[in-house]
>>> print(open('protein31.txt').read())   # compact mmCIF, C-alpha atoms
# COMPACT_ATOMS: atom_id res chain seq x y z
CA MET A 16 25.52 246.36 138.25
CA THR A 17 26.90 248.34 141.13
CA GLY A 18 26.01 247.67 144.71
CA PRO A 19 27.31 246.08 147.86
CA VAL A 20 29.47 243.00 147.79
CA LEU A 21 29.53 240.88 150.94
CA GLU A 22 32.22 238.33 151.58
CA THR A 23 32.11 235.23 153.74
CA GLU A 24 34.61 232.43 154.18
CA ARG A 25 33.57 230.67 150.94
CA LEU A 26 31.26 233.11 149.18
CA TYR A 27 30.73 236.47 147.57
CA LEU A 28 27.24 237.95 147.73
CA ARG A 29 26.73 240.61 145.07
CA PRO A 30 23.92 242.16 143.01
CA THR A 31 22.54 240.15 140.12
CA ALA A 32 24.62 240.24 136.93
CA ARG A 33 23.71 239.19 133.38
CA GLU A 34 26.11 236.24 133.47
CA ASP A 35 24.10 234.70 136.35
CA PHE A 36 21.07 233.93 134.20
CA GLY A 37 22.12 230.53 132.83
CA ARG A 38 22.39 228.95 136.27
CA TRP A 39 19.31 230.88 137.48
CA ALA A 40 17.31 229.37 134.60
CA GLU A 41 18.67 225.89 135.44
CA MET A 42 17.53 226.31 139.05
CA MET A 43 14.06 227.42 137.99
CA ALA A 44 13.79 224.50 135.51
CA ASP A 45 14.53 221.96 138.25
CA SER A 46 11.33 220.64 139.83
CA GLU A 47 12.76 220.22 143.35
CA ALA A 48 14.81 223.44 143.44
CA SER A 49 11.89 225.53 142.16
CA ARG A 50 9.15 223.71 144.07
CA TYR A 51 8.72 226.47 146.67
CA LEU A 52 9.84 229.31 144.37
CA GLY A 53 6.78 229.26 142.14
CA GLY A 54 7.39 225.93 140.41
CA VAL A 55 9.15 224.96 137.22
CA GLN A 56 9.53 227.86 134.83
CA PRO A 57 10.56 227.92 131.19
CA SER A 58 13.52 230.16 130.45
CA ALA A 59 11.37 233.09 129.28
CA VAL A 60 9.44 233.13 132.57
CA ALA A 61 12.61 232.65 134.64
CA TRP A 62 14.03 235.68 132.79
CA ARG A 63 11.21 237.84 134.15
CA GLY A 64 11.96 236.82 137.74
CA PHE A 65 15.66 237.34 137.13
CA MET A 66 14.99 240.84 135.77
CA THR A 67 12.70 241.61 138.72
CA THR A 68 15.59 240.90 141.08
CA ALA A 69 18.00 243.00 139.02
CA GLY A 70 15.41 245.76 138.71
CA ALA A 71 14.84 245.86 142.46
CA TRP A 72 18.58 246.50 142.89
CA ALA A 73 18.42 249.32 140.34
CA MET A 74 15.22 250.91 141.65
CA THR A 75 15.50 250.46 145.42
CA GLY A 76 19.05 249.35 146.21
CA VAL A 77 17.60 246.29 148.00
CA SER A 78 17.24 242.85 146.49
CA MET A 79 18.47 239.30 146.78
CA PHE A 80 22.18 238.82 146.27
CA SER A 81 23.65 236.42 143.77
CA VAL A 82 25.66 233.89 145.78
CA ILE A 83 29.00 233.18 144.12
CA ASP A 84 31.46 230.45 145.09
CA LYS A 85 34.85 232.13 145.67
CA ALA A 86 36.87 229.14 144.52
CA SER A 87 35.10 228.48 141.21
CA GLY A 88 33.23 231.70 140.44
CA ARG A 89 30.08 229.59 140.01
CA TRP A 90 26.62 231.07 140.71
CA LEU A 91 25.09 229.05 143.57
CA GLY A 92 21.76 230.78 144.14
CA ARG A 93 20.03 233.90 145.37
CA ILE A 94 19.80 234.93 148.99
CA GLY A 95 19.08 238.23 150.64
CA PRO A 96 16.79 241.09 151.51
CA TRP A 97 13.51 241.34 149.69
CA GLN A 98 10.69 243.90 150.09
CA PRO A 99 8.09 243.58 147.32
CA GLU A 100 5.00 245.77 147.49
CA GLY A 101 2.40 244.20 149.80
CA TRP A 102 4.80 241.59 151.20
CA PRO A 103 4.05 240.51 154.80
CA GLY A 104 7.35 241.97 156.07
CA SER A 105 10.99 242.65 155.32
CA GLU A 106 12.23 239.29 154.15
CA VAL A 107 15.59 237.64 153.86
CA GLY A 108 14.80 234.83 151.47
CA TRP A 109 16.73 232.14 149.66
CA GLY A 110 16.85 229.75 146.75
CA LEU A 111 19.81 227.56 145.83
CA HIS A 112 20.76 225.75 142.64
CA PRO A 113 20.34 221.96 143.05
CA ASP A 114 24.10 221.33 143.02
CA ALA A 115 24.62 223.88 145.80
CA GLN A 116 22.11 222.46 148.28
CA GLY A 117 23.11 220.61 151.44
CA GLN A 118 26.60 222.12 151.69
CA GLY A 119 26.03 224.90 154.23
CA TYR A 120 25.95 227.70 151.63
CA GLY A 121 22.44 228.72 152.65
CA LEU A 122 23.38 229.22 156.29
CA GLU A 123 26.60 231.03 155.43
CA ALA A 124 24.97 233.38 152.92
CA ALA A 125 21.77 233.99 154.90
CA THR A 126 23.80 234.89 158.00
CA ALA A 127 25.70 237.51 156.02
CA ALA A 128 22.45 238.79 154.47
CA ILE A 129 20.72 239.10 157.86
CA ASP A 130 23.74 240.95 159.26
CA TYR A 131 23.48 243.28 156.25
CA ALA A 132 19.72 243.79 156.73
CA PHE A 133 20.16 244.77 160.38
CA ASP A 134 23.52 246.57 160.27
CA VAL A 135 23.31 248.40 156.94
CA LEU A 136 19.64 248.58 156.02
CA GLY A 137 18.59 249.24 159.63
CA TRP A 138 15.74 246.74 159.65
CA SER A 139 14.16 246.03 163.04
CA GLU A 140 13.11 242.49 162.09
CA VAL A 141 13.54 239.94 159.33
CA ILE A 142 11.04 237.38 158.14
CA HIS A 143 11.15 234.33 155.91
CA CYS A 144 8.00 233.29 154.03
CA ILE A 145 8.08 229.49 154.09
CA ASP A 146 5.61 226.94 152.77
CA PRO A 147 4.40 224.70 155.64
CA ASP A 148 5.69 221.65 153.71
CA ASN A 149 9.16 223.09 153.03
CA ARG A 150 11.11 221.33 155.78
CA PRO A 151 14.61 222.21 154.43
CA SER A 152 13.81 225.94 154.60
CA GLN A 153 12.29 225.53 158.05
CA VAL A 154 15.50 223.86 159.23
CA LEU A 155 17.59 226.70 157.79
CA ALA A 156 15.33 229.29 159.45
CA GLU A 157 15.69 227.46 162.78
CA ARG A 158 19.49 227.35 162.39
CA LEU A 159 19.40 231.11 161.84
CA GLY A 160 17.47 231.53 165.10
CA SER A 161 14.13 232.34 163.46
CA TYR A 162 10.90 230.79 164.63
CA ASN A 163 7.48 230.13 163.15
CA GLN A 164 5.20 233.08 163.86
CA GLY A 165 2.18 231.44 162.25
CA PRO A 166 0.35 231.62 158.93
CA THR A 167 0.62 234.78 156.87
CA ARG A 168 -1.00 235.99 153.69
CA MET A 169 0.99 236.72 150.58
CA PRO A 170 -0.10 239.45 148.18
CA PRO A 171 -1.73 238.59 144.84
CA PRO A 172 -0.97 236.68 142.70
CA PHE A 173 0.56 234.53 145.49
CA ASP A 174 -2.39 234.84 147.91
CA HIS A 175 -3.53 231.25 147.20
CA ILE A 176 -0.22 229.77 148.42
CA ALA A 177 -0.02 228.49 152.00
CA CYS A 178 2.73 230.32 153.82
CA ASP A 179 4.07 230.60 157.34
CA ARG A 180 5.88 233.68 158.53
CA TRP A 181 9.16 232.82 160.23
CA GLY A 182 11.38 235.51 161.68
CA GLN A 183 13.11 237.30 164.47
CA THR A 184 13.84 240.80 165.69
CA ARG A 185 17.15 242.61 165.58
CA ALA A 186 17.46 242.18 169.37
CA GLU A 187 16.91 238.41 169.07
CA TRP A 188 19.52 238.19 166.29
CA CYS A 189 22.06 240.24 168.25
CA SER A 190 21.58 238.21 171.43
CA ARG A 191 22.04 234.98 169.46
CA ARG A 192 25.15 236.30 167.73
CA ALA A 193 26.67 237.39 171.06
>>> encode(input="protein31.txt", output="structure tokens")
Amino acid sequence: MTGPVLETERLYLRPTAREDFGRWAEMMADSEASRYLGGVQPSAVAWRGFMTTAGAWAMTGVSMFSVIDKASGRWLGRIGPWQPEGWPGSEVGWGLHPDAQGQGYGLEAATAAIDYAFDVLGWSEVIHCIDPDNRPSQVLAERLGSYNQGPTRMPPPFDHIACDRWGQTRAEWCSRRA
């Protein structure tokens, strides 16, 4: 897969590659890691989500990055820009493998992804669709400078899921970064 590769102090962010699927499937099989990503999924269902991410890169040039640990080469999760049809805005979303949570990877990768969304993709705002009960994602959004903008409605088949729209504008991001 060709596409942009972002580099941070500890991470590479790159388009989804076939070799990422094993860890992706592990993440989606874990009840806590997948709780706010659609719930536990058997491998065959996780494959479809994996291929959706890869397909978005191929069809639109915009999708979540695979987050790769520089030191080990291990896949840590998926973080990045996301614009599905009918979505409530241009999202930078995230999901981390259970063994990658709580180590600052989310903040590091999401910061790079938001920079990319504003600087390269030219977005005027970013949002994060977060379940009202998902406190860890709320904390990450707050650390990124985003704020809760209230309830939003997801498109079918996700329209039954409670969701708050968190986000910020490019101007808010730039003033925070300065």
>>> residues_around(input="protein31.txt", residues="stretch 109-117 of chain A", least_positions_apart="2", cutoff="9 Å", atoms="only C-alpha atoms", output="ChimeraX atom specification")
/A:38-39,41-43,45,47-49,51-52,79,82,90-95,107,119-121,124-125,143,152
>>> closest_residue(input="protein31.txt", among="A:Val77, A:Ala127, A:Ala86, A:Val154", to="A:Pro99", atoms="all atoms listed in the file")
A:Val77
>>> closest_residue(input="protein31.txt", among="A:Gly101, A:Gly53, A:Gly108, A:Gly37", to="A:Arg89", atoms="only C-alpha atoms")
A:Gly37
>>> closest_residue(input="protein31.txt", among="A:Trp102, A:Ala193, A:Gly137, A:Thr126", to="A:Pro172", atoms="all atoms listed in the file")
A:Trp102
>>> closest_residue(input="protein31.txt", among="A:Ala44, A:Ala73, A:Leu21, A:Ala186", to="A:Trp138", atoms="all atoms listed in the file")
A:Ala186
>>> atom_distance(input="protein31.txt", atom1="atom CA of A:Thr17", atom2="atom CA of A:Thr68")
13.5 Å
>>> residues_near_point(input="protein31.txt", point="(5.4, 236.3, 166.8)", cutoff="10 Å", atoms="all atoms listed in the file", output="number ranges by chain")
A: 162-165, 180-184
>>> closest_residue(input="protein31.txt", among="A:Pro103, A:Arg158, A:Arg29, A:Val141", to="A:Asp174", atoms="all atoms listed in the file")
A:Pro103
